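**Student:** This structure is in structure tokens; I'll ask about it shortly.
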Amino acid sequence: MMLKGSTFCKPSIIVYYFMWTGFKRVVRAGFMGFWRNAFVSLAAIFVMTVALFVIGSTMMIEKMLEVSLQNIQAKVDINVYFVTSADQVDIDSLQISLESLPEVEEVIFTSREEALAQFSERHQKDDIIMQGLEELGDNPLGSSLSIRAKETSQYEGIARFLDEQQIAEDPQDPLIDEVNFLKNKEAIDTLTSIIAAVERASYITMVVLVVAAVMISFNTVRLAIYTTREEISVMRLVGASNMFIRGPFMLQGIMYGVASGVLALLILYPIVLWIGPKTENFFQFNIFTYFVSEFSQIFTVLVGVGIIIGMISSLLAVARYLRT
Amino acid sequence: MIYFDKVSKLYNSGNSVALESVTFQVAPKEFVSIVGHSGAGKTTLLKMLIAEDVPTEGQVFFESLDIHKIPRGKLPKFRRKIGTVFQDFKLLPHKTAFENIAFAMEANGRSDEEIAENVPQALALVDLQDKIWNFPGELSGGEKQRVAIARAIVNQPDIIIADEPTGNLDPIATYEVVQILKKINDLGTTVIMTTHNKGVIDELGRRVITMDEGRIVRDDAEGKYVL
């Protein structure tokens, strides 16, 4: 038997009115579904809250590590000690050359007089040293440059540069007396590898925790939707469009995300308030101050991630029941 | 018109035959009963009609449309042309009779005014005006099935498909449901119903297709239940 083609019509512009009506119905159904399955909704919110709490905590631990590592890095430097007869023009020239290196963050000059003043202040209670200084009469200390690199791994390159400078010097009229890199090298290498290991470990831990949290949330939302599979089948039978079916569940997913994001923040607040002074003492970083000053960012991340997890979980879970 | 053209359905990589070269047609406004033992292929046949299942071979036409060539996104629109009634009613337990029927109209994008007007009319047709605010849990089996029928007809579909609609009902409720389906058919809607119930077939006195092991073994213009 030969039969004619499809008779479906294209939607007209009048449909917009019905789209608005449909939107209102989807929103109403979403809210009703949320409250009607209150127990399941609560379970999903609870699991997502735990997941978002883990994500929020990880974010703050990561920041704390970052700041404390920066503090440690700030304490690492290379010192170049000049001979007492060094010409200031040569020192200034070396300082300019060092400052032009891309890996150099900062170069601080300490004059002979400043070095002596610092030395005297450090040893003012040591009579023997002070007496020895007086007997010498002249300032035995040379001026120096303190060099700080952008990354601890870059000190080796700076030390190489200084070596080249020393090699190029006239042996009869040296400028540099000593570079303390070799003395510090072992400590710097150890610190560099510790920093790298801690960063790697914290990233891996964060990724594992976040993935686990997201997967648990996905499954909880899927379970919540599983309880309504009969309803979805009825929706399909009465000719509900896929968007009409998905809509309320997506909205529920968003509600789970918002509620759990806010709850996670409410749980984090007293914890960081309590732990803040302790982190300040230990890491020189007050986590409570960070939480308050970066609240909008933390709020956006937690609630945003919550909404995304809730919505995607809902979409994936419903899609399973929409396949023909 | 509905036309099944040599439709076969195989499951388990061809080891199990649900339908075998089924060919028949149903004219508009016809009332057709499909009878057969469990596993004869009746429900599979109805699933083909609402695009819930896809034939392994053959085609199913609704009017001029090859049902299984309808794009997935347009299936909901197609399904609105068909009202479905099931043995287990498939009512939403947390919605009242009114809300269950209104839900079908909402899914079709009908306005609140239309819903307020049409739902009571549909309930009146199945004689359940007094149960409009009752939840399914507060209704008898027969009443639930009548609500399901009201939901199926409220969008004025071209066809009603009823899969064992009296399977869970006592004789009185069965009689009432059959009378309602007859009334709907008399008003111009095509009805395709599967049943095991000989009494229902005798009562109807309409066309009967008998199936056995996935094949049509009889197609009688006037109701005869022969198995």
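By convention in this document, the chains of the structure tokens carry letters A, B, ... by their order, each chain's residues are numbered from 1, and ligands are numbered from 1 in the order they are shown.
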Quick check: residues of chain B within 8 Å of chain A, only C-alpha atoms, returned as a tab-separated table (two decimals) with C-alpha atoms, in the first residue's frame.

**Tutor:**
```
chain	number	residue	atom	x	y	z
B	51	ALA	CA	6.14	3.95	19.04
B	52	GLU	CA	7.22	2.38	22.33
B	53	ASP	CA	8.78	-0.46	20.38
B	63	GLU	CA	-2.92	7.71	8.41
B	64	SER	CA	-0.12	8.55	5.97
B	65	LEU	CA	2.65	8.39	8.51
B	66	ASP	CA	5.22	5.63	8.96
B	72	ARG	CA	12.33	11.26	18.22
B	73	GLY	CA	11.66	14.93	18.94
B	75	LEU	CA	7.09	11.53	18.93
B	76	PRO	CA	5.34	13.42	21.78
B	77	LYS	CA	3.25	15.31	19.22
B	78	PHE	CA	2.36	12.03	17.54
B	79	ARG	CA	1.44	10.37	20.84
B	80	ARG	CA	-1.08	13.15	21.51
B	83	GLY	CA	-5.10	7.98	24.05
B	84	THR	CA	-3.83	5.02	26.07
B	90	LYS	CA	-1.09	4.27	35.46
B	91	LEU	CA	-2.63	7.12	37.42
B	92	LEU	CA	-0.33	9.42	39.38
B	104	ALA	CA	-2.56	15.17	30.06
B	106	GLU	CA	-1.01	20.46	30.42
B	107	ALA	CA	1.44	18.17	28.64
B	108	ASN	CA	-0.35	19.12	25.42
B	109	GLY	CA	0.10	22.82	26.15
B	110	ARG	CA	-3.61	23.47	26.63
B	111	SER	CA	-4.66	26.64	28.44
B	152	ALA	CA	-7.10	9.22	27.47
```

**Student:** From a backbone DSSP assignment, name each residue in segment 69-282 of chain A labelled strand (DSSP E or B), as a ChimeraX atom specification.

**Tutor:** /A:78-82,104-110,144-149,176-179

**Student:** Can you write out the residues you just picked, keeping N, CA and C atoms, as a compact mmCIF listing (two decimals), in the first residue's frame?

**Tutor:**
```txt
# COMPACT_ATOMS: atom_id res chain seq x y z
N ILE A 78 69.48 34.17 47.16
CA ILE A 78 70.93 33.97 46.94
C ILE A 78 71.60 35.29 47.32
N ASN A 79 72.65 35.18 48.09
CA ASN A 79 73.38 36.39 48.46
C ASN A 79 74.74 36.43 47.75
N VAL A 80 75.02 37.59 47.15
CA VAL A 80 76.32 37.80 46.50
C VAL A 80 77.10 38.78 47.39
N TYR A 81 78.23 38.33 47.92
CA TYR A 81 79.06 39.20 48.77
C TYR A 81 80.22 39.74 47.94
N PHE A 82 80.38 41.06 48.00
CA PHE A 82 81.44 41.69 47.21
C PHE A 82 82.69 41.91 48.08
N VAL A 104 64.34 36.62 37.75
CA VAL A 104 64.60 37.36 39.00
C VAL A 104 63.38 38.19 39.40
N GLU A 105 62.95 37.98 40.65
CA GLU A 105 61.79 38.72 41.16
C GLU A 105 62.25 40.06 41.77
N GLU A 106 63.37 40.00 42.54
CA GLU A 106 63.78 41.19 43.28
C GLU A 106 65.28 41.11 43.61
N VAL A 107 65.96 42.26 43.54
CA VAL A 107 67.37 42.31 43.95
C VAL A 107 67.51 43.45 44.98
N ILE A 108 67.99 43.11 46.16
CA ILE A 108 68.13 44.14 47.21
C ILE A 108 69.62 44.36 47.51
N PHE A 109 70.01 45.61 47.45
CA PHE A 109 71.42 45.97 47.72
C PHE A 109 71.58 46.31 49.20
N THR A 110 72.64 45.77 49.80
CA THR A 110 73.00 46.11 51.17
C THR A 110 74.42 46.70 51.14
N SER A 144 76.63 43.74 49.65
CA SER A 144 76.07 42.49 49.09
C SER A 144 74.77 42.75 48.34
N LEU A 145 74.43 41.76 47.52
CA LEU A 145 73.14 41.78 46.83
C LEU A 145 72.36 40.54 47.25
N SER A 146 71.12 40.77 47.61
CA SER A 146 70.25 39.64 47.95
C SER A 146 69.27 39.47 46.80
N ILE A 147 69.28 38.26 46.18
CA ILE A 147 68.49 38.04 44.96
C ILE A 147 67.37 37.03 45.26
N ARG A 148 66.17 37.43 44.87
CA ARG A 148 65.04 36.51 45.05
C ARG A 148 64.48 36.15 43.67
N ALA A 149 64.32 34.82 43.44
CA ALA A 149 63.80 34.37 42.15
C ALA A 149 62.28 34.25 42.21
N ILE A 176 83.49 39.91 43.02
CA ILE A 176 82.68 39.06 43.91
C ILE A 176 83.58 38.27 44.85
N ASP A 177 83.24 38.35 46.11
CA ASP A 177 84.00 37.60 47.12
C ASP A 177 83.42 36.19 47.25
N GLU A 178 82.08 36.13 47.38
CA GLU A 178 81.45 34.82 47.59
C GLU A 178 79.97 34.85 47.16
N VAL A 179 79.54 33.73 46.58
CA VAL A 179 78.10 33.55 46.29
C VAL A 179 77.65 32.39 47.17
```

**Student:** Expressed in Å to a single decimal, how great is the separation between atom CA of Leu315 of chain A and atom CA of Phe23 of chain A?

**Tutor:**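 Here the two named atoms are 17.0 Å from each other.
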
**Student:** In Å, how far is it from atom CA of Arg215 of chain B to atom CA of Ala18 of chain B?

**Tutor:**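 One can read the atom CA of Arg215 of chain B to atom CA of Ala18 of chain B distance as 8.6 Å.
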
**Student:** Could you list, as a list in words, every residue within 12 Å of Lys182 of chain B, counting only C-alpha atoms and ignoring same-chain residues fewer than 4 positions away?

**Tutor:** Lys29, Glu30, Phe31, Val32, Ser33, Leu125, Val126, Ile149, Ile160, Tyr175, Glu176, Val177, Val178, Asp186, Leu187, Gly188, Thr189, Thr190, Val191, Ile192, Met193, Val200, Ile201, Glu203, Leu204, Gly205 and Arg206 of chain B

**Student:** Let me see the file: selected residues, N, CA and C atoms, as an mmCIF file, in the first residue's frame.

**Tutor:**
```cif
data_model
loop_
_atom_site.group_PDB
_atom_site.id
_atom_site.type_symbol
_atom_site.label_atom_id
_atom_site.label_comp_id
_atom_site.auth_asym_id
_atom_site.auth_seq_id
_atom_site.Cartn_x
_atom_site.Cartn_y
_atom_site.Cartn_z
ATOM 1 N N LYS B 29 -12.926 5.103 13.151
ATOM 2 C CA LYS B 29 -14.161 4.888 13.909
ATOM 3 C C LYS B 29 -14.472 3.412 14.159
ATOM 4 N N GLU B 30 -13.524 2.558 13.826
ATOM 5 C CA GLU B 30 -13.740 1.132 14.048
ATOM 6 C C GLU B 30 -13.448 0.786 15.513
ATOM 7 N N PHE B 31 -14.051 -0.284 16.014
ATOM 8 C CA PHE B 31 -13.744 -0.805 17.355
ATOM 9 C C PHE B 31 -13.194 -2.211 17.144
ATOM 10 N N VAL B 32 -11.919 -2.387 17.431
ATOM 11 C CA VAL B 32 -11.278 -3.672 17.174
ATOM 12 C C VAL B 32 -10.769 -4.257 18.492
ATOM 13 N N SER B 33 -11.125 -5.507 18.713
ATOM 14 C CA SER B 33 -10.576 -6.197 19.888
ATOM 15 C C SER B 33 -9.498 -7.167 19.414
ATOM 16 N N LEU B 125 -18.327 12.238 31.080
ATOM 17 C CA LEU B 125 -18.480 11.179 30.082
ATOM 18 C C LEU B 125 -18.275 9.800 30.699
ATOM 19 N N VAL B 126 -17.410 9.736 31.721
ATOM 20 C CA VAL B 126 -17.187 8.437 32.377
ATOM 21 C C VAL B 126 -17.982 8.352 33.695
ATOM 22 N N ILE B 149 -9.551 6.406 31.494
ATOM 23 C CA ILE B 149 -10.206 6.595 30.187
ATOM 24 C C ILE B 149 -10.468 8.087 29.951
ATOM 25 N N ILE B 160 -8.138 5.414 20.599
ATOM 26 C CA ILE B 160 -7.911 4.990 21.984
ATOM 27 C C ILE B 160 -7.328 3.578 21.919
ATOM 28 N N TYR B 175 -18.166 -4.300 32.895
ATOM 29 C CA TYR B 175 -19.312 -3.915 32.057
ATOM 30 C C TYR B 175 -19.335 -2.401 31.851
ATOM 31 N N GLU B 176 -19.126 -1.666 32.971
ATOM 32 C CA GLU B 176 -19.173 -0.197 32.888
ATOM 33 C C GLU B 176 -18.081 0.340 31.956
ATOM 34 N N VAL B 177 -16.872 -0.225 32.091
ATOM 35 C CA VAL B 177 -15.751 0.247 31.263
ATOM 36 C C VAL B 177 -16.017 -0.047 29.790
ATOM 37 N N VAL B 178 -16.546 -1.229 29.514
ATOM 38 C CA VAL B 178 -16.831 -1.590 28.122
ATOM 39 C C VAL B 178 -17.894 -0.659 27.541
ATOM 40 N N ASP B 186 -18.727 5.247 19.637
ATOM 41 C CA ASP B 186 -19.925 5.753 18.960
ATOM 42 C C ASP B 186 -19.799 7.242 18.657
ATOM 43 N N LEU B 187 -18.991 7.938 19.492
ATOM 44 C CA LEU B 187 -18.799 9.372 19.272
ATOM 45 C C LEU B 187 -17.765 9.647 18.174
ATOM 46 N N GLY B 188 -17.162 8.566 17.630
ATOM 47 C CA GLY B 188 -16.294 8.734 16.460
ATOM 48 C C GLY B 188 -14.826 8.457 16.679
ATOM 49 N N THR B 189 -14.467 7.934 17.844
ATOM 50 C CA THR B 189 -13.043 7.647 18.095
ATOM 51 C C THR B 189 -12.757 6.169 17.824
ATOM 52 N N THR B 190 -11.692 5.922 17.119
ATOM 53 C CA THR B 190 -11.281 4.537 16.868
ATOM 54 C C THR B 190 -10.808 3.922 18.192
ATOM 55 N N VAL B 191 -11.219 2.673 18.454
ATOM 56 C CA VAL B 191 -10.777 2.002 19.688
ATOM 57 C C VAL B 191 -10.118 0.674 19.322
ATOM 58 N N ILE B 192 -8.925 0.482 19.857
ATOM 59 C CA ILE B 192 -8.252 -0.815 19.700
ATOM 60 C C ILE B 192 -7.996 -1.328 21.106
ATOM 61 N N MET B 193 -8.534 -2.508 21.380
ATOM 62 C CA MET B 193 -8.460 -3.016 22.747
ATOM 63 C C MET B 193 -7.936 -4.457 22.749
ATOM 64 N N VAL B 200 -16.531 -9.848 27.437
ATOM 65 C CA VAL B 200 -16.377 -8.506 26.853
ATOM 66 C C VAL B 200 -16.579 -8.571 25.344
ATOM 67 N N ILE B 201 -15.972 -9.585 24.725
ATOM 68 C CA ILE B 201 -16.075 -9.740 23.265
ATOM 69 C C ILE B 201 -17.530 -9.978 22.870
ATOM 70 N N GLU B 203 -20.168 -9.157 24.513
ATOM 71 C CA GLU B 203 -20.935 -7.947 24.786
ATOM 72 C C GLU B 203 -20.770 -6.916 23.661
ATOM 73 N N LEU B 204 -19.547 -6.811 23.159
ATOM 74 C CA LEU B 204 -19.256 -5.795 22.143
ATOM 75 C C LEU B 204 -19.869 -6.144 20.787
ATOM 76 N N GLY B 205 -19.680 -7.377 20.355
ATOM 77 C CA GLY B 205 -20.171 -7.782 19.040
ATOM 78 C C GLY B 205 -19.502 -7.017 17.909
ATOM 79 N N ARG B 206 -18.227 -6.675 18.082
ATOM 80 C CA ARG B 206 -17.494 -5.933 17.040
ATOM 81 C C ARG B 206 -16.358 -6.806 16.487
#
```

**Student:** Which is closer to Glu186 of chain A than all the others in A:Thr152, A:Gln297, A:Ser143, A:Gln88, using only C-alpha atoms?

**Tutor:** A:Thr152

**Student:** Between B:Asn197, B:Ser16, B:Gln179, B:Thr23, which is the closest to Arg218 of chain B once you count only C-alpha atoms?

**Tutor:**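 Distance minimum relative to Arg218 of chain B lands on B:Thr23.
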